[in-house]
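Single-structure report; data block below.
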There are 2 protein chains.
Amino acid sequence: MRWNLTSDRVPQAWFNIAPHLPEPLQPPLHPGTREPIGPDDLTPLFPMALIGQEMSAEPWIDIPGEVMDILRLWRPTPLVRARRLEEALDTPARIYYKDESVSPAGSHKPNTAVPQAFYNKAEGIGRLTTETGAGQWGSALSFASALFGLECKVYMVRASYQQKPYRRVMMETWGGSVEPSPVDDPDQPGSLGSAISDAVRDAVSRDDSHYSLGSVLNHVLLHQTVIGLEAKEQLALAGEERPDIVIACCGGGSNLGGLAFPFVPDADVELLAVEPSSCPTLTEGRFEYDFGDTAGLTPLLAMYTLGHDFIPPSIHAGGLRYHGVSPIISNLVKAGRMRVVAYPQGKVFDAAVQFARTQGTIPAPETSHAIRATIDEALRAKEEGVERVILFGYSGHGLLDLSAYDDYLHGRLIE
Amino acid sequence: MRWNLTSDRVPQAWFNIAPHLPEPLQPPLHPGTREPIGPDDLTPLFPMALIGQEMSAEPWIDIPGEVMDILRLWRPTPLVRARRLEEALDTPARIYYKDESVSPAGSHKPNTAVPQAFYNKAEGIGRLTTETGAGQWGSALSFASALFGLECKVYMVRASYQQKPYRRVMMETWGGSVEPSPVDDPDQPGSLGSAISDAVRDAVSRDDSHYSLGSVLNHVLLHQTVIGLEAKEQLALAGEERPDIVIACCGGGSNLGGLAFPFVPDADVELLAVEPSSCPTLTEGRFEYDFGDTAGLTPLLAMYTLGHDFIPPSIHAGGLRYHGVSPIISNLVKAGRMRVVAYPQGKVFDAAVQFARTQGTIPAPETSHAIRATIDEALRAKEEGVERVILFGYSGHGLLDLSAYDDYLHGRLIE
């Protein structure tokens with residue numbers, strides 16, 4: 001069963017979590033002075049509208065009409081009841097998922113790429129730079145840039161550039177230009193941290209260019225709240241008062257934040273972040289100020305971090321290979337409002353294949369972390385003999401990650 | 001703008017075109033005797049329910065509940081107004097497309113894979129064999145077999161097997177078993193005709209197995225009519241009385257038939273089949289009895305054909321590389337009820353990239369043939385200054401065909 005909403009039900013405003021946080025956020029610090037930064041420090045990178053959103057305390061922020069017109073190409077996304085998975089698990093739990101894989105780029109990432117492209121264009125910027133790991137974010141920004149007639153330059157982690165040529169082609173199809181990173185050392189496989197450094201250096205060196213980030217920052221997570229807002233309305237249509245638990249995978253935190261934030265004020269809704277045990281930022285990292293990139297060019301953020309020089313193993317869920325995590329997510333975890341769990345990738349792919357063979361669609365490796373946790377929660381509900389309503393985030397499809405499934409199916413997956 | 005229908009609006013019956021044909025169909029002939037075949041001749045390959053549908057004259061055929069339950073995982077599919085493409089073309093035409101790419105396998109093919117798996121299972125069959133070229137059909141049947149607990153064996157044209165490993169992985173993820181064809185000569189690149197021969201030989205050699213075909217036959221096109229039935233209802237919701245023209249790409253004819261057949265009785269709706277000029281079955285083939293496969297194992301069908309030994313050039317639209325075409329489509333073309341047009345693949349990819357950069361999604365190379373024709377019809381409407389309502393079939397996405405876009409974008413496409 002799917003609950004679709006008509007195009008006019010795309011939310012008209014983003015939900016700002018800031019007024020609802022258990023404790024106030026600690027301010028970002030300037031990388032040179034280590035003093036709190038002000039709006040002017042960010043103008044070489046971002047348009048004023050986004051800087052304003054980054055620091056806003058308004059409970060709701062209106063979505064511009066031009067942004068809504070494009071979001072409506074695929075939004076509202078469906079809410080789906082995973083009945084066949086429930087039957088396979090023989091669980092009394094009712095499992096719902098919010099399907100963000102239906103966007104042109106195949107994930108939730110365009111929800112923020114579109115407003116970022118819009119606000120930059122509105123302030124006279126003609127070119128955006130960004131980094132991408134596995135390619136989901138670079139694809140989304142290339143797509144959004146195409147629709148607003150902006151140039152888009154993507155620095156892609158060299159290892160992914162070489163291993164995932166289809167992601168590069170996807171970006172080029174939308175007119176994006178893709179370069180392997182680090183640019184100054186063709187022998188290095190690169191990392192997300194080093195690609196951020198390349199993209200930031202490029203943006204500050206040209207007047208016509210800004211930098212665009214696909215996760216971590218407050219305004220990015222803000223834009224993703226359309227996911228949770230729609231899900232709330234659709235759960236009501238499905239006859240559910242509320243979910244007992246909301247589950248999503250967590251890399252930088254934008255998919256998790258987008259789905260979970262609108263449920264934060266509902267104290268009886270449990271929130272669960274799922275991460276890979278090979279990059280255990282929330283489960284094993286320290287809460288402290290750290291840089292977002294390897295070279296130390298970005299402001300310092302108060303967050304859980306494994307250290308900005310941490311290089312995660314080369315697992316297939318490239319979107320979850322990041323040393324840090326959103327300050328807002330960190331805040332919620334630190335305050336005990338959000339639970340965390342980590343899984344090794346073998347158990348994650350067990351869940352992915354079970355999902356594909358019951359519900360039909362093939363999930364992204366990142367998404368499969370949420371599916372693993374969902375299956376375990378549903379089995380616990382069965383053991384305990386209790387009905388539970390589980391909502392999880394289906395953040396993207398796995399059609400450009402099939403080599404990961406190949407490794408799994410033929411016993412070549414590294415734990 | 002998208003028009004979604006709720007899950008309860010999946011059609012309850014398939015539309016049988018047989019009573020509406022301009023002339024009666026000529027019967028299939030036995031490959032040995034060249035006499036008209038009867039139902040018994042087909043029982044080694046197909047279940048009785050499908051043989052009955054192949055020959056039925058009933059105007060409507062009920063869809064079993066178990067089939068509808070699975071179709072509802074993704075159906076009804078959206079009808080989308082391509083406003084951004086209209087604006088880019090500055091055309092007075094209103095362009096709508098029926099988006100079949102949202103199925104788990106990414107195309108319209110599961111619409112028939114699901115009922116075929118269902119009827120086989122219902123008659124005690126435990127295993128299906130089939131062929132696949134580019135992989136769309138093999139993926140769909142693997143998916144459907146997984147959901148009904150059937151084994152699925154796919155003979156994949158060796159050239160595709162080697163060039164498109166992701167399609168193989170997709171089939172394996174759903175539990176399918178994939179073998180390159182021809183099986184008896186590992187040095188041959190293979191063709192759809194030879195893979196059909198392999199799959200038929202396998203099916204007739206085992207009691208537990210049947211053969212399954214993804215296009216051409218009457219019952220296959222019957223199952224696809226859910227596409228056109230839904231589109232009719234959605235066009236009404238969009239405020240359109242009827243389309244002026246219905247456009248779809250045509251290989252074996254199942255996507256085209258599925259969309260167009262429910263409009264055949266509406267005499268003022270023009271129907272247009274689009275094929276590649278490198279495999280010009282309808283535009284340059286002869287109407288005559290021919291085999292469906294290379295080895296001459298299948299019944300002879302009265303259809304347009306380039307000859308069963310025709311090997312089409314290796315274009316990227318693998319789903320359109322077939323020497324023959326559905327007898328029903330042939331019947332409509334021969335009677336003048338359906339127009340045909342052919343395009344070289346360079347012009348097709350021009351249209352595909354224009355679509356991706358305006359509407360956002362990346363279409364399959366097959367689908368892009370319909371987009372090319374749609375753009376040309378819309379430009380003609382602009383020249384003539386007339387409003388026209390165009391409906392085209394968005395039969396599948398191009399996410400597993402990105403190497404084709406790579407060739408196009410870097411000047412390596414062969415015309």
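By order of appearance in the structure tokens: chains A, B, ..., then residues from 1 within every chain, and ligands from 1 in the order shown.
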Got a sec: who's within 9 Å of region 173-184 of chain B, counting only C-alpha atoms, leaving out chain neighbours fewer than 6 positions off, as an MDAnalysis selection string?
(chainID A and resid 353 356:357 360 362 402 405:406 409) or (chainID B and resid 131 138:139 141:147 151:162 190:192 194:195 197:198)
Check the DSSP output for the backbone and give back, as a PyMOL selection string, the residues of region 279-388 of chain A in helix (DSSP H, G or I).
chain A and resi 281-284+318-320+327-334+345-358+365-384
So which residues touch Ile70 (chain B) within 12 Å, counting only C-alpha atoms, skipping near sequence neighbours fewer than 6 positions away, as a list in words?
Met1, Arg2, Ala82, Arg83, Arg84, Thr358, Gln359 and Gly360 of chain A; Ser7, Val10, Ile63, Pro64, Pro76, Ser103, Pro104, Pro110, Asn111, Thr112, Ala113, Val114, Pro115, Ala117, Phe118, Phe143, Ala144, Ser145, Ala146, Leu147 and Phe148 of chain B
Kindly export the residues of the current selection with N, CA, C and O atoms, as an mmCIF file, in the first residue's frame.
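Here's the written file out.cif:
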```
data_model
loop_
_atom_site.group_PDB
_atom_site.id
_atom_site.type_symbol
_atom_site.label_atom_id
_atom_site.label_comp_id
_atom_site.auth_asym_id
_atom_site.auth_seq_id
_atom_site.Cartn_x
_atom_site.Cartn_y
_atom_site.Cartn_z
ATOM 1 N N MET A 1 0.838 -1.204 0.000
ATOM 2 C CA MET A 1 0.000 0.000 0.000
ATOM 3 C C MET A 1 0.868 1.248 0.000
ATOM 4 O O MET A 1 1.845 1.328 0.733
ATOM 5 N N ARG A 2 0.483 2.205 -0.832
ATOM 6 C CA ARG A 2 1.211 3.468 -0.867
ATOM 7 C C ARG A 2 0.242 4.596 -0.595
ATOM 8 O O ARG A 2 -0.900 4.567 -1.052
ATOM 9 N N ALA A 82 5.253 -1.579 4.116
ATOM 10 C CA ALA A 82 6.039 -2.732 3.640
ATOM 11 C C ALA A 82 5.396 -4.033 4.098
ATOM 12 O O ALA A 82 5.953 -4.802 4.864
ATOM 13 N N ARG A 83 4.200 -4.292 3.592
ATOM 14 C CA ARG A 83 3.418 -5.449 4.047
ATOM 15 C C ARG A 83 4.099 -6.782 3.763
ATOM 16 O O ARG A 83 4.029 -7.716 4.547
ATOM 17 N N ARG A 84 4.738 -6.874 2.594
ATOM 18 C CA ARG A 84 5.366 -8.158 2.246
ATOM 19 C C ARG A 84 6.567 -8.435 3.144
ATOM 20 O O ARG A 84 6.831 -9.578 3.487
ATOM 21 N N THR A 358 11.462 -9.244 -1.132
ATOM 22 C CA THR A 358 10.088 -9.190 -0.622
ATOM 23 C C THR A 358 9.352 -7.967 -1.168
ATOM 24 O O THR A 358 8.300 -8.085 -1.773
ATOM 25 N N GLN A 359 9.943 -6.790 -1.013
ATOM 26 C CA GLN A 359 9.268 -5.565 -1.451
ATOM 27 C C GLN A 359 9.543 -5.224 -2.911
ATOM 28 O O GLN A 359 8.852 -4.410 -3.503
ATOM 29 N N GLY A 360 10.609 -5.789 -3.470
ATOM 30 C CA GLY A 360 10.837 -5.615 -4.902
ATOM 31 C C GLY A 360 11.954 -4.663 -5.256
ATOM 32 O O GLY A 360 12.708 -4.935 -6.169
ATOM 33 N N SER B 7 -4.044 3.453 -4.811
ATOM 34 C CA SER B 7 -3.802 2.036 -5.107
ATOM 35 C C SER B 7 -5.056 1.297 -5.562
ATOM 36 O O SER B 7 -4.974 0.324 -6.311
ATOM 37 N N VAL B 10 -5.874 0.724 -9.548
ATOM 38 C CA VAL B 10 -5.277 -0.199 -10.514
ATOM 39 C C VAL B 10 -6.418 -0.873 -11.266
ATOM 40 O O VAL B 10 -7.390 -1.325 -10.646
ATOM 41 N N ILE B 63 -8.200 -9.351 -13.899
ATOM 42 C CA ILE B 63 -6.862 -9.491 -13.323
ATOM 43 C C ILE B 63 -7.003 -10.164 -11.964
ATOM 44 O O ILE B 63 -7.749 -9.683 -11.115
ATOM 45 N N PRO B 64 -6.298 -11.299 -11.743
ATOM 46 C CA PRO B 64 -6.429 -11.988 -10.451
ATOM 47 C C PRO B 64 -5.990 -11.087 -9.291
ATOM 48 O O PRO B 64 -5.076 -10.264 -9.434
ATOM 49 N N PRO B 76 -1.043 2.464 -9.384
ATOM 50 C CA PRO B 76 -0.934 3.118 -10.685
ATOM 51 C C PRO B 76 0.342 3.958 -10.769
ATOM 52 O O PRO B 76 0.751 4.556 -9.793
ATOM 53 N N SER B 103 8.649 1.243 -11.649
ATOM 54 C CA SER B 103 8.558 -0.146 -11.182
ATOM 55 C C SER B 103 9.891 -0.590 -10.598
ATOM 56 O O SER B 103 10.925 0.002 -10.895
ATOM 57 N N PRO B 104 9.882 -1.647 -9.764
ATOM 58 C CA PRO B 104 11.152 -2.110 -9.174
ATOM 59 C C PRO B 104 12.224 -2.410 -10.225
ATOM 60 O O PRO B 104 13.395 -2.121 -10.006
ATOM 61 N N PRO B 110 7.613 -5.480 -15.756
ATOM 62 C CA PRO B 110 6.958 -6.263 -14.687
ATOM 63 C C PRO B 110 5.440 -6.388 -14.838
ATOM 64 O O PRO B 110 4.850 -7.302 -14.259
ATOM 65 N N ASN B 111 4.795 -5.504 -15.612
ATOM 66 C CA ASN B 111 3.338 -5.606 -15.788
ATOM 67 C C ASN B 111 2.921 -6.969 -16.334
ATOM 68 O O ASN B 111 1.822 -7.443 -16.045
ATOM 69 N N THR B 112 3.772 -7.570 -17.135
ATOM 70 C CA THR B 112 3.457 -8.916 -17.636
ATOM 71 C C THR B 112 4.251 -9.997 -16.928
ATOM 72 O O THR B 112 3.793 -11.134 -16.814
ATOM 73 N N ALA B 113 5.423 -9.663 -16.398
ATOM 74 C CA ALA B 113 6.209 -10.677 -15.671
ATOM 75 C C ALA B 113 5.417 -11.201 -14.473
ATOM 76 O O ALA B 113 5.426 -12.410 -14.191
ATOM 77 N N VAL B 114 4.709 -10.300 -13.781
ATOM 78 C CA VAL B 114 3.977 -10.706 -12.580
ATOM 79 C C VAL B 114 2.840 -11.675 -12.921
ATOM 80 O O VAL B 114 2.778 -12.768 -12.351
ATOM 81 N N PRO B 115 1.927 -11.350 -13.847
ATOM 82 C CA PRO B 115 0.895 -12.346 -14.157
ATOM 83 C C PRO B 115 1.464 -13.626 -14.772
ATOM 84 O O PRO B 115 0.948 -14.716 -14.517
ATOM 85 N N ALA B 117 4.319 -15.075 -14.024
ATOM 86 C CA ALA B 117 4.808 -15.885 -12.897
ATOM 87 C C ALA B 117 3.622 -16.463 -12.123
ATOM 88 O O ALA B 117 3.603 -17.649 -11.756
ATOM 89 N N PHE B 118 2.595 -15.645 -11.914
ATOM 90 C CA PHE B 118 1.424 -16.093 -11.160
ATOM 91 C C PHE B 118 0.745 -17.296 -11.814
ATOM 92 O O PHE B 118 0.485 -18.320 -11.179
ATOM 93 N N PHE B 143 12.559 -10.526 -10.855
ATOM 94 C CA PHE B 143 11.802 -9.850 -9.795
ATOM 95 C C PHE B 143 10.488 -10.578 -9.518
ATOM 96 O O PHE B 143 10.173 -10.942 -8.380
ATOM 97 N N ALA B 144 9.713 -10.834 -10.575
ATOM 98 C CA ALA B 144 8.406 -11.472 -10.397
ATOM 99 C C ALA B 144 8.566 -12.885 -9.838
ATOM 100 O O ALA B 144 7.784 -13.324 -8.986
ATOM 101 N N SER B 145 9.573 -13.597 -10.297
ATOM 102 C CA SER B 145 9.800 -14.956 -9.805
ATOM 103 C C SER B 145 10.146 -14.942 -8.320
ATOM 104 O O SER B 145 9.686 -15.807 -7.554
ATOM 105 N N ALA B 146 10.951 -13.967 -7.889
ATOM 106 C CA ALA B 146 11.303 -13.864 -6.464
ATOM 107 C C ALA B 146 10.040 -13.716 -5.624
ATOM 108 O O ALA B 146 9.896 -14.342 -4.570
ATOM 109 N N LEU B 147 9.080 -12.910 -6.116
ATOM 110 C CA LEU B 147 7.896 -12.641 -5.313
ATOM 111 C C LEU B 147 6.949 -13.839 -5.248
ATOM 112 O O LEU B 147 6.157 -13.953 -4.316
ATOM 113 N N PHE B 148 7.029 -14.742 -6.242
ATOM 114 C CA PHE B 148 6.191 -15.945 -6.200
ATOM 115 C C PHE B 148 6.978 -17.196 -5.811
ATOM 116 O O PHE B 148 6.456 -18.305 -5.891
#
```
Neighbour list for region 227-234 of chain A as a VMD selection string, cut-off 8 Å, only C-alpha atoms, skip fewer than 6 positions in-chain
chain A and resid 3 to 5 9 to 11 15 76 to 77 79 98 100 242 258 to 263
Given the choices B:Arg339, B:Arg72, B:Lys109, B:Lys382, which gets closest to Val246 (chain B) if the distance is worked out from only C-alpha atoms?
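Smallest distance to Val246 (chain B) is found for B:Arg339.
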With only C-alpha atoms as the counted atoms, please give the residues lying no more than 12 Å from Asp41 (chain B), apart from itself and same-chain residues fewer than 5 positions off, as JSON, numbers by chain.
{"B": [28, 29, 30, 31, 32, 33, 35, 36, 46, 47, 48, 51, 204, 298, 299]}
If you run DSSP on this backbone, which residues of region 27-127 of chain A come out as strand (DSSP E), and could you give them as a PyMOL selection string?
chain A and resi 60-62+79-81+94-99+127
Closest atom pairs, region 78-125 of chain A residues within 6 Å of region 394-398 of chain A, only C-alpha atoms, as a tab-separated table:
```
residue	atom	partner	partner_atom	distance
A:Tyr97	CA	A:Tyr394	CA	6.0
A:Lys98	CA	A:Tyr394	CA	5.6
A:Asp99	CA	A:Tyr394	CA	4.9
A:Glu100	CA	A:Ser395	CA	5.1
A:Ser101	CA	A:Gly396	CA	4.1
A:Gly106	CA	A:Gly396	CA	5.5
A:Ser107	CA	A:Gly396	CA	4.0
A:His108	CA	A:Ser395	CA	5.6
```
Show me, as a PyMOL selection string, the residues that have an atom within 9 Å of Trp14 (chain B) when counting only C-alpha atoms, minus same-chain residues fewer than 5 positions from it.
chain B and resi 59-63+222-226+229
Output C-alpha atoms of each residue in that selection to a file, as an mmCIF file, in the first residue's frame.
```
data_model
loop_
_atom_site.group_PDB
_atom_site.id
_atom_site.type_symbol
_atom_site.label_atom_id
_atom_site.label_comp_id
_atom_site.auth_asym_id
_atom_site.auth_seq_id
_atom_site.Cartn_x
_atom_site.Cartn_y
_atom_site.Cartn_z
ATOM 1 C CA PRO B 59 -13.314 -7.787 -24.585
ATOM 2 C CA TRP B 60 -12.117 -7.714 -20.947
ATOM 3 C CA ILE B 61 -10.139 -10.263 -18.921
ATOM 4 C CA ASP B 62 -10.161 -10.065 -15.109
ATOM 5 C CA ILE B 63 -6.862 -9.491 -13.323
ATOM 6 C CA LEU B 222 -2.793 -7.708 -23.077
ATOM 7 C CA HIS B 223 -1.105 -7.499 -19.655
ATOM 8 C CA GLN B 224 0.462 -4.182 -20.596
ATOM 9 C CA THR B 225 -2.891 -2.494 -21.253
ATOM 10 C CA VAL B 226 -2.996 -1.378 -17.608
ATOM 11 C CA LEU B 229 -6.218 2.278 -19.092
#
```
List the spatial neighbours of region 286-291 of chain A as an MDAnalysis selection string - criterion: any atom at most 10 Å away, only C-alpha atoms, same-chain residues fewer than 4 positions off excluded.
chainID A and resid 26:31 34 193 281:282 295:309 323:324 327 330:331 334
Please produce an output containing N, CA and C atoms for each residue in the selection, written as a PDB file, in the first residue's frame.
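As written to disk, part_22.pdb reads:
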```
ATOM      1  N   GLN A  26      26.088  25.152  19.996  1.00  0.00           N
ATOM      2  CA  GLN A  26      27.319  25.927  20.174  1.00  0.00           C
ATOM      3  C   GLN A  26      27.694  26.540  18.830  1.00  0.00           C
ATOM      4  N   PRO A  27      28.207  27.761  18.824  1.00  0.00           N
ATOM      5  CA  PRO A  27      28.462  28.439  17.548  1.00  0.00           C
ATOM      6  C   PRO A  27      29.657  27.836  16.807  1.00  0.00           C
ATOM      7  N   PRO A  28      29.657  27.910  15.472  1.00  0.00           N
ATOM      8  CA  PRO A  28      30.844  27.506  14.708  1.00  0.00           C
ATOM      9  C   PRO A  28      31.983  28.484  15.000  1.00  0.00           C
ATOM     10  N   LEU A  29      33.214  28.001  14.954  1.00  0.00           N
ATOM     11  CA  LEU A  29      34.383  28.841  15.227  1.00  0.00           C
ATOM     12  C   LEU A  29      35.180  29.086  13.942  1.00  0.00           C
ATOM     13  N   HIS A  30      35.769  30.261  13.855  1.00  0.00           N
ATOM     14  CA  HIS A  30      36.617  30.610  12.714  1.00  0.00           C
ATOM     15  C   HIS A  30      37.871  29.723  12.712  1.00  0.00           C
ATOM     16  N   PRO A  31      38.243  29.166  11.552  1.00  0.00           N
ATOM     17  CA  PRO A  31      39.382  28.232  11.533  1.00  0.00           C
ATOM     18  C   PRO A  31      40.702  28.905  11.901  1.00  0.00           C
ATOM     19  N   ARG A  34      39.664  30.901  15.840  1.00  0.00           N
ATOM     20  CA  ARG A  34      38.922  30.060  16.787  1.00  0.00           C
ATOM     21  C   ARG A  34      37.905  30.879  17.625  1.00  0.00           C
ATOM     22  N   GLY A 193      36.964  14.488   2.902  1.00  0.00           N
ATOM     23  CA  GLY A 193      37.597  15.663   3.509  1.00  0.00           C
ATOM     24  C   GLY A 193      38.485  16.407   2.524  1.00  0.00           C
ATOM     25  N   THR A 281      30.942   7.284  13.928  1.00  0.00           N
ATOM     26  CA  THR A 281      31.034   8.656  14.435  1.00  0.00           C
ATOM     27  C   THR A 281      30.222   8.861  15.711  1.00  0.00           C
ATOM     28  N   LEU A 282      28.963   8.441  15.688  1.00  0.00           N
ATOM     29  CA  LEU A 282      28.080   8.695  16.833  1.00  0.00           C
ATOM     30  C   LEU A 282      28.281   7.679  17.949  1.00  0.00           C
ATOM     31  N   ALA A 295      41.948  19.605   5.164  1.00  0.00           N
ATOM     32  CA  ALA A 295      42.940  20.678   5.168  1.00  0.00           C
ATOM     33  C   ALA A 295      42.676  21.734   6.237  1.00  0.00           C
ATOM     34  N   GLY A 296      41.537  21.665   6.923  1.00  0.00           N
ATOM     35  CA  GLY A 296      41.244  22.647   7.964  1.00  0.00           C
ATOM     36  C   GLY A 296      40.841  24.015   7.430  1.00  0.00           C
ATOM     37  N   LEU A 297      40.163  24.046   6.281  1.00  0.00           N
ATOM     38  CA  LEU A 297      39.715  25.309   5.690  1.00  0.00           C
ATOM     39  C   LEU A 297      38.341  25.731   6.202  1.00  0.00           C
ATOM     40  N   THR A 298      37.543  24.793   6.673  1.00  0.00           N
ATOM     41  CA  THR A 298      36.164  25.106   7.064  1.00  0.00           C
ATOM     42  C   THR A 298      36.119  25.589   8.506  1.00  0.00           C
ATOM     43  N   PRO A 299      35.012  26.238   8.890  1.00  0.00           N
ATOM     44  CA  PRO A 299      34.829  26.551  10.303  1.00  0.00           C
ATOM     45  C   PRO A 299      34.850  25.275  11.152  1.00  0.00           C
ATOM     46  N   LEU A 300      35.176  25.447  12.447  1.00  0.00           N
ATOM     47  CA  LEU A 300      35.113  24.324  13.386  1.00  0.00           C
ATOM     48  C   LEU A 300      33.690  24.190  13.894  1.00  0.00           C
ATOM     49  N   LEU A 301      33.202  22.949  13.911  1.00  0.00           N
ATOM     50  CA  LEU A 301      31.835  22.699  14.367  1.00  0.00           C
ATOM     51  C   LEU A 301      31.867  21.847  15.634  1.00  0.00           C
ATOM     52  N   ALA A 302      30.933  22.105  16.545  1.00  0.00           N
ATOM     53  CA  ALA A 302      30.796  21.274  17.747  1.00  0.00           C
ATOM     54  C   ALA A 302      29.962  20.056  17.385  1.00  0.00           C
ATOM     55  N   MET A 303      30.646  18.900  17.334  1.00  0.00           N
ATOM     56  CA  MET A 303      29.948  17.706  16.830  1.00  0.00           C
ATOM     57  C   MET A 303      30.659  16.442  17.299  1.00  0.00           C
ATOM     58  N   TYR A 304      29.982  15.310  17.133  1.00  0.00           N
ATOM     59  CA  TYR A 304      30.692  14.042  17.301  1.00  0.00           C
ATOM     60  C   TYR A 304      31.630  13.886  16.105  1.00  0.00           C
ATOM     61  N   THR A 305      32.867  13.450  16.387  1.00  0.00           N
ATOM     62  CA  THR A 305      33.840  13.316  15.305  1.00  0.00           C
ATOM     63  C   THR A 305      34.833  12.214  15.622  1.00  0.00           C
ATOM     64  N   LEU A 306      35.308  11.611  14.548  1.00  0.00           N
ATOM     65  CA  LEU A 306      36.388  10.618  14.662  1.00  0.00           C
ATOM     66  C   LEU A 306      37.739  11.283  14.399  1.00  0.00           C
ATOM     67  N   GLY A 307      37.737  12.602  14.253  1.00  0.00           N
ATOM     68  CA  GLY A 307      38.964  13.351  13.907  1.00  0.00           C
ATOM     69  C   GLY A 307      38.987  13.619  12.414  1.00  0.00           C
ATOM     70  N   HIS A 308      39.328  14.889  12.037  1.00  0.00           N
ATOM     71  CA  HIS A 308      39.202  15.251  10.622  1.00  0.00           C
ATOM     72  C   HIS A 308      40.264  14.584   9.757  1.00  0.00           C
ATOM     73  N   ASP A 309      41.210  13.874  10.370  1.00  0.00           N
ATOM     74  CA  ASP A 309      42.188  13.123   9.573  1.00  0.00           C
ATOM     75  C   ASP A 309      41.834  11.634   9.531  1.00  0.00           C
ATOM     76  N   HIS A 323      33.885  11.649   8.720  1.00  0.00           N
ATOM     77  CA  HIS A 323      34.437  11.624  10.088  1.00  0.00           C
ATOM     78  C   HIS A 323      33.544  12.346  11.100  1.00  0.00           C
ATOM     79  N   GLY A 324      32.753  13.309  10.637  1.00  0.00           N
ATOM     80  CA  GLY A 324      31.926  14.090  11.550  1.00  0.00           C
ATOM     81  C   GLY A 324      30.453  13.835  11.333  1.00  0.00           C
ATOM     82  N   PRO A 327      26.001  19.095  13.605  1.00  0.00           N
ATOM     83  CA  PRO A 327      25.928  19.580  14.991  1.00  0.00           C
ATOM     84  C   PRO A 327      24.544  19.392  15.618  1.00  0.00           C
ATOM     85  N   SER A 330      24.242  15.794  16.556  1.00  0.00           N
ATOM     86  CA  SER A 330      25.128  15.590  17.713  1.00  0.00           C
ATOM     87  C   SER A 330      24.451  16.079  18.991  1.00  0.00           C
ATOM     88  N   ASN A 331      23.833  17.239  18.908  1.00  0.00           N
ATOM     89  CA  ASN A 331      23.117  17.836  20.039  1.00  0.00           C
ATOM     90  C   ASN A 331      22.020  16.897  20.556  1.00  0.00           C
ATOM     91  N   LYS A 334      23.618  13.746  22.129  1.00  0.00           N
ATOM     92  CA  LYS A 334      24.268  14.063  23.401  1.00  0.00           C
ATOM     93  C   LYS A 334      23.231  14.251  24.509  1.00  0.00           C
TER      94      LYS A 334
END
```
Judged by only C-alpha atoms, the minimum distance to Leu50 (chain A) among A:Val341, A:Leu235, A:Ala381, A:Leu221 is found for A:Leu221
Counting only C-alpha atoms, figure out which residue out of B:Ile17, B:Ile311, B:Ala203, B:Met68 gets nearest to Leu42 (chain B).
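Looking at the shortest contact to Leu42 (chain B), the residue is B:Ala203.
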So, counting only C-alpha atoms, which residue among A:Gly319, A:Gly38, A:Pro186, A:Gly149 is closest to chain B?
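Looking only at the distances to chain B, the closest residue turns out to be A:Gly149.
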Separation of CA of Ile390 (chain B) from CA of Ile247 (chain B) in Å:
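CA of Ile390 (chain B) lies at a distance of 7.6 Å from CA of Ile247 (chain B).
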Between B:Glu86, B:Glu366, B:Glu240, B:Asp8, single out the one closest to chain A, counting only C-alpha atoms.
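Comparing B:Glu86, B:Glu366, B:Glu240, B:Asp8 against chain A, the winner is B:Asp8.
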When distances are computed from only C-alpha atoms, which of A:His219, A:Arg127, A:Arg167, A:His20 shows the smallest separation from chain B?
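Among A:His219, A:Arg127, A:Arg167, A:His20, it is A:Arg167 that comes nearest to chain B.
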